[in-house]
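*Asks:* To start, I am sharing the structure in question, which I have written as structure tokens.
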Amino acid sequence: MCGIAGIVSTSISSAVDIQSTIRHRGPDGEGIFNAPGIQLAHTRLAILDLSLNGRQPMQTADGRYVIVFNGEIYNHLTLRAALTDRYVFRSTSDTETLLYGFAAYGTAVFRKLNGIFACAIFDTVTRQLVLARDQFGVKPLYYYHKNGLFLFSSELKTIAAYPGVDKSIDYPALVNYLHFLYSPGMQTPFQHVSKLLPGHLIQLPIDEPASICIKRYYDLPFRGTYSEQSESQLLEELDERLFSAVKRQLQSDVPLAFFLSGGLDSSLVMAMAKRAHPTERLTGYTIRTALRNGKFEGFENDLPYARQVAAHLNVDLVEVDANVDIVRDFDHMIYHLDEPQADTAPFNVLNICREARKNGHTVLLGGTAGDDVFSGYRRHQALSMEPFLNRIPPAVGRLLNRTINLGTNDAPLLRRLRKLTAGMGQPQHERMADYFARLPLATNHHLFESNIGKTLYGHQPSHQLLAALERIPDEKNLLNQLLFWELSYFLPDHNLNYTDKMSMAVGVETRVPFLDTELVEFSTRLPPSLKMHGRTTKYLLRKVAERYLPQSVIYRPKTGFGTPLRDWLRTGQLNEMLQRYLSVESLRKRGIFDPEAVHQLIRDNQTGKLDASYSIWGLMAIESWFRQFVDLNE
């Protein structure tokens with residue numbers, strides 16, 4: 001797990017240190033490759049083959065191919081076995097396996113990989129550069145392409161700091177960050193900086209940089225066909241596939257540990273690891289948060305469940321105090337996120353990873369993506385209401401939503417009812433896309449200064465989700481369509497981004513067993529009724545868990561991995577930040593948002609007229625991002 005960056009240009013300045021912005025990702029070493037028109041940079045977090053043989057940039061023995069690589073290839077030994085009659089390997093690293101795999105198979109090698117990766121491979125003979133990102137977007141990769149200059153990096157901050165980069169703002173992307181709390185797909189706040197999409201690659205002849213070619217090499221196989229095996233047979237197969245996924249991801253030459261929230265997914269990952277290594281003393285990390293009455297904003301406290309799982313599995317549990325000083329840490333979080341994401345969960349990831357690194361654990365496995373692969377969110381349960389909602393006349397539906405909106409947002413149940421009915425009167429898929437929305441689109445557009453706002457009225461953030469369904473024309477099941485959106489957008493652009501950025505900020509690698517390629521592809525063939533059975537989410541996964549975990553953990557209420565943001569805003573704990581980032585003076589100086597509209601939003605949130613806490617957090621995140629990614633580099 002590392003940081004990678006590169007420049008393609010006819011004039012590369014030796015004074016520019018592109019490694020400086022990604023050194024936190026690789027504290028164990030760094031290297032540079034230079035050739036006419038190209039520079040490749042790498043910072044190393046050593047996980048496999050800690051010797052100098054694993055350092056990067058790495059070249060084939062004949063010098064033709066050069067690679068910089070970030071990630072882990074869990075099936076690399078199987079791939080290597082097929083290559084040993086053609087190549088002599090000098091290391092035990094997966095980087096070298098990928099390098100010679102590319103030499104043997106070209107870009108077809110990426111489809112063979114089961115892992116998490118972002119990489120750049122340069123062919124010194126054809127002078128073609130190839131970039132690729134893993135199938136599910138676990139590892140980030142940004143790129144800039146304009147006027148003969150091509151830049152790429154694991155982190156956006158590398159590109160933002162490069163001299164002469166066009167920093168024109170993409171205002172529709174800012175709408176996305178307020179609408180979803182993240183920007184789905186390629187868009188970033190910069191018009192000319194894009195995210196390479198999961199399962200995609202770029203081919204760039206460096207002597208003809210205008211001839212860039214972007215290709216999809218992998219897509220999620222939602223095909224609308226499901227296994228005809230019995231439930232008991234599929235239960236056995238899921239058990240073994242999950243066990244194999246976890247076992248594959250336990251390979252490491254450095255100490256590893258686990259996120260253990262006490263939820264089903266992280267607990268099951270730890271149980272599978274214990275099954276693989278029954279005599280080893282394993283360690284889990286969990287967050288200890290001070291909560292009133294054991295709850296916050298409708299969520300239960302995780303800690304008692306994490307303790308219960310640790311005792312049941314006989315593993316060590318490290319309880320990490322939340323220690324969230326939002327005023328002190330907010331800018332630091334946004335800097336490392338690279339994007340103005342409006343979520344407080346990154347604080348918890350950062351605290352756990354910092355403690356793990358201090359204790360010598362460089363790798364952490366967790367339960368991320370269990371909800372996205374097998375169903376686990378309340379919006380999945382909301383699908384059970386779709387037949388009822390479809391029968392309500394549009395006018396009646398809009399009246400119902402207005403009636404519910406007369407109440408305040410103090411009750412979590414009322415907030416969920418508002419969200420459920422927000423799309424009343426719209427076509428079904430548009431209503432489903434609204435499950436991901438945080439703020440009514442009209443309110444969102446109204447926040448912008450009038451000249452900017454006029455350009456935004458045609459921008460519908462949900463249209464990207466709706467258009468994506470064309471990629472899975474044979475998948476008619478609503479739950480699988482929703483899971484396709486989760487895996488394509490919510491997961492890579494939100495959860496995986498903050499997990500990668502917060503962990504790598506302190507030199508820790510995070511792994512995601514639920515995104516094992518074979519496991520995900522198996523999940524798309526499961527009958528949807530075995531994912532959500534009635535209103536029971538992760539039905540078959542829970543049946544597997546009954547073999548390993550207490551019933552009280554398996555069937556506990558759903559809990560988020562966040563902080564009491566609504567309380568912070570209501571009690572005034574965030575007043576200092578609000579004044580600093582969203583004062584009339586600050587907003588006018590920035591010239592993007594209308595001060596009166598923003599302050600009306602704050603008042604509506606305080607009175608409970610709107611549930612806008614995360615949108616207000618998003619506005620502060622955008623201002624912090626501008627100060628660090630635009631103002632400081634001008």
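Every chain in the structure tokens takes a letter, A first, then B, and so on in the order presented; its residues are numbered from 1, and the ligands are numbered from 1 following the presented order.
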Can you pull out the residues contacting Glu155 in chain A? Cut-off 10 Å, using only C-alpha atoms, and skip same-chain residues under 3 positions away; I want them as a compact mmCIF listing (two decimals) with N, CA and C atoms, in the first residue's frame.
*Replies:*
# COMPACT_ATOMS: atom_id res chain seq x y z
N GLY A 3 1.76 5.34 -2.18
CA GLY A 3 1.29 6.49 -2.93
C GLY A 3 1.98 6.52 -4.27
N ILE A 4 1.23 6.85 -5.32
CA ILE A 4 1.83 6.93 -6.65
C ILE A 4 1.46 8.28 -7.27
N ALA A 5 2.32 8.75 -8.15
CA ALA A 5 2.07 10.01 -8.85
C ALA A 5 2.91 10.02 -10.12
N THR A 21 3.47 15.54 -1.46
CA THR A 21 2.06 15.52 -1.07
C THR A 21 1.56 14.11 -0.75
N ILE A 22 2.36 13.09 -1.01
CA ILE A 22 1.91 11.72 -0.74
C ILE A 22 2.88 10.95 0.15
N ARG A 25 1.54 8.54 2.75
CA ARG A 25 1.05 7.24 2.28
C ARG A 25 2.15 6.19 2.27
N PRO A 140 -7.82 4.95 -4.66
CA PRO A 140 -8.14 6.14 -5.44
C PRO A 140 -7.10 6.43 -6.53
N LEU A 141 -7.55 7.11 -7.59
CA LEU A 141 -6.62 7.56 -8.62
C LEU A 141 -7.25 8.77 -9.34
N TYR A 142 -6.56 9.91 -9.24
CA TYR A 142 -7.00 11.16 -9.87
C TYR A 142 -6.09 11.48 -11.05
N TYR A 143 -6.65 12.20 -12.06
CA TYR A 143 -5.80 12.62 -13.17
C TYR A 143 -6.25 13.97 -13.72
N PHE A 152 -1.12 12.54 -12.73
CA PHE A 152 -1.95 11.59 -12.00
C PHE A 152 -1.38 11.41 -10.59
N THR A 158 -1.87 16.43 -4.82
CA THR A 158 -0.67 16.46 -5.67
C THR A 158 -0.92 17.33 -6.90
N ILE A 159 -2.07 17.14 -7.52
CA ILE A 159 -2.41 17.88 -8.73
C ILE A 159 -2.67 19.35 -8.40
N ALA A 160 -3.36 19.60 -7.29
CA ALA A 160 -3.68 20.98 -6.90
C ALA A 160 -2.42 21.80 -6.65
N LYS A 195 -11.67 11.64 -11.43
CA LYS A 195 -11.35 10.36 -10.81
C LYS A 195 -11.42 9.29 -11.90
N HIS A 336 -6.95 15.67 4.14
CA HIS A 336 -6.64 14.29 3.78
C HIS A 336 -7.73 13.63 2.95
N LEU A 337 -8.97 14.05 3.09
CA LEU A 337 -10.03 13.50 2.25
C LEU A 337 -9.87 13.89 0.78
N ASP A 338 -9.21 15.03 0.51
CA ASP A 338 -9.02 15.54 -0.85
C ASP A 338 -10.28 16.15 -1.45
N GLU A 339 -11.42 15.78 -0.94
CA GLU A 339 -12.68 16.25 -1.46
C GLU A 339 -13.54 16.74 -0.29
N LYS A 501 -8.26 7.35 2.68
CA LYS A 501 -7.52 8.58 2.96
C LYS A 501 -7.18 8.72 4.45
*Asks:* If you run DSSP on the backbone here, which positions in range 121-206 of chain A get alpha helix (DSSP H)? Please write them as a list in words.
*Replies:* Leu156, Lys157, Thr158, Ile159, Ala160, Tyr171, Pro172, Ala173, Leu174, Val175, Asn176, Tyr177, Leu178, His179 and Phe180 of chain A
*Asks:* Could you name the residues that touch range 217-224 of chain A at 9 Å or less, counting only C-alpha atoms, but leaving out those on the same chain fewer than 3 positions away, as a list in words?
*Replies:*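 Skipping anything fewer than 3 positions along the chain leaves Thr107, Ala108, Phe110, Arg111, Asp134, Gln135, Phe136, Pro198, Gly199, His200, Leu201, Arg471, Ile472, Pro473, Asp474, Glu475, Lys476, Asn477, Asn480, Gln481, Phe484, Leu487, Ser488, Val520, Glu521, Thr524 and Arg525 of chain A.
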*Asks:* Can you tell me, as a tab-separated table (two decimals) with C-alpha atoms, in the first residue's frame, what residues are no more than 9 Å from Ser503 in chain A when counting only C-alpha atoms, ignoring any on the same chain fewer than 5 positions away?
*Replies:*
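Saved as result.tsv:
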chain	number	residue	atom	x	y	z
A	25	ARG	CA	1.05	7.24	2.28
A	349	VAL	CA	-11.37	5.78	11.14
A	350	LEU	CA	-8.48	8.16	11.72
A	352	ILE	CA	-8.53	3.84	15.16
A	353	CYS	CA	-5.79	3.77	12.51
A	354	ARG	CA	-3.59	6.14	14.49
A	498	TYR	CA	-12.61	8.30	3.46
A	508	VAL	CA	-2.05	2.10	7.70
A	509	GLU	CA	-3.42	-0.19	4.98
A	510	THR	CA	-7.10	-1.11	5.14
*Asks:* Quick one: DSSP strand (DSSP E or B) residues in range 220-314 of chain A, as a list of chain:residue names?
*Replies:*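 So, restricting range 220-314 of chain A to strand (DSSP E or B), we get A:Leu256, A:Ala257, A:Phe258, A:Phe259, A:Thr283, A:Gly284, A:Tyr285, A:Thr286, A:Ile287, A:Arg288, A:Arg292, A:Lys295, A:Phe296, A:Phe299, A:Glu300.
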*Asks:* List the spatial neighbours of Arg535 in chain A as a VMD selection string - criterion: any atom at most 10 Å away, only C-alpha atoms, same-chain residues fewer than 5 positions off excluded.
*Replies:* chain A and resid 378 380 to 384
*Asks:* Which polymer residues have any atom within 12 Å of an atom of Asn351 in chain A, counting only C-alpha atoms, with same-chain residues fewer than 6 positions away left out, as a VMD selection string?
*Replies:* chain A and resid 259 285 to 289 318 to 325 329 333 344 to 345 357 to 358 499 502 to 503 505 to 506 508
*Asks:* Quick one: of A:Arg566, A:Glu623, A:Ile452, A:Glu430, who's nearest to Ser586 in chain A, counting only C-alpha atoms?
*Replies:* A:Glu623
*Asks:* Report the distance between CA of Ala545 in chain A and CA of Phe436 in chain A in Å, rounded to one decimal place.
*Replies:*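 A separation of 28.4 Å between them.
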*Asks:* What's the 10 Å shell around Phe330 in chain A, counting only C-alpha atoms, without same-chain residues fewer than 2 positions away, as a list in words?
*Replies:*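 Residues meeting the cut-off are Val324, Asp325, Ile326, Val327, Arg328, His332, Met333, Ile334, Tyr335, Thr344, Phe347, Met577, Met620, Ala621 and Ser624 of chain A.
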*Asks:* What's the separation between CA of Leu131 in chain A and CA of Val630 in chain A, in Å to one decimal place?
*Replies:*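 Taking CA of Leu131 in chain A as the start and CA of Val630 in chain A as the end point, the length is 26.3 Å.
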*Asks:* Using only C-alpha atoms, what does the table of range 75-169 of chain A residues within 9 Å of range 45-68 of chain A look like, with each row giving the shortest atom pair and its distance in Å to one decimal, sorted by chain and ascending number, as CSV?
*Replies:*
residue,atom,partner,partner_atom,distance
A:Tyr87,CA,A:Ala61,CA,8.9
A:Val88,CA,A:Ala61,CA,8.5
A:Arg90,CA,A:Asn53,CA,6.7
A:Ser91,CA,A:Asn53,CA,5.4
A:Thr92,CA,A:Asp49,CA,5.6
A:Ser93,CA,A:Asp49,CA,5.3
A:Asp94,CA,A:Leu48,CA,7.3
A:Thr95,CA,A:Gly54,CA,7.4
A:Glu96,CA,A:Met58,CA,7.4
A:Leu98,CA,A:Ile67,CA,8.8
A:Leu99,CA,A:Ile67,CA,6.5
A:Tyr100,CA,A:Thr60,CA,7.1
A:Phe102,CA,A:Tyr65,CA,8.6
A:Ala103,CA,A:Tyr65,CA,7.2
A:Ala118,CA,A:Val68,CA,8.7
A:Cys119,CA,A:Val68,CA,5.7
A:Ala120,CA,A:Val68,CA,5.4
A:Ile121,CA,A:Ile67,CA,4.4
A:Phe122,CA,A:Val66,CA,5.2
A:Asp123,CA,A:Tyr65,CA,4.8
A:Thr124,CA,A:Arg64,CA,5.2
A:Val125,CA,A:Arg64,CA,6.3
*Asks:* If you measure from CA of Gln551 in chain A to CA of Ala245 in chain A, what distance in Å do you get, rounded to one decimal?
*Replies:* 23.4 Å
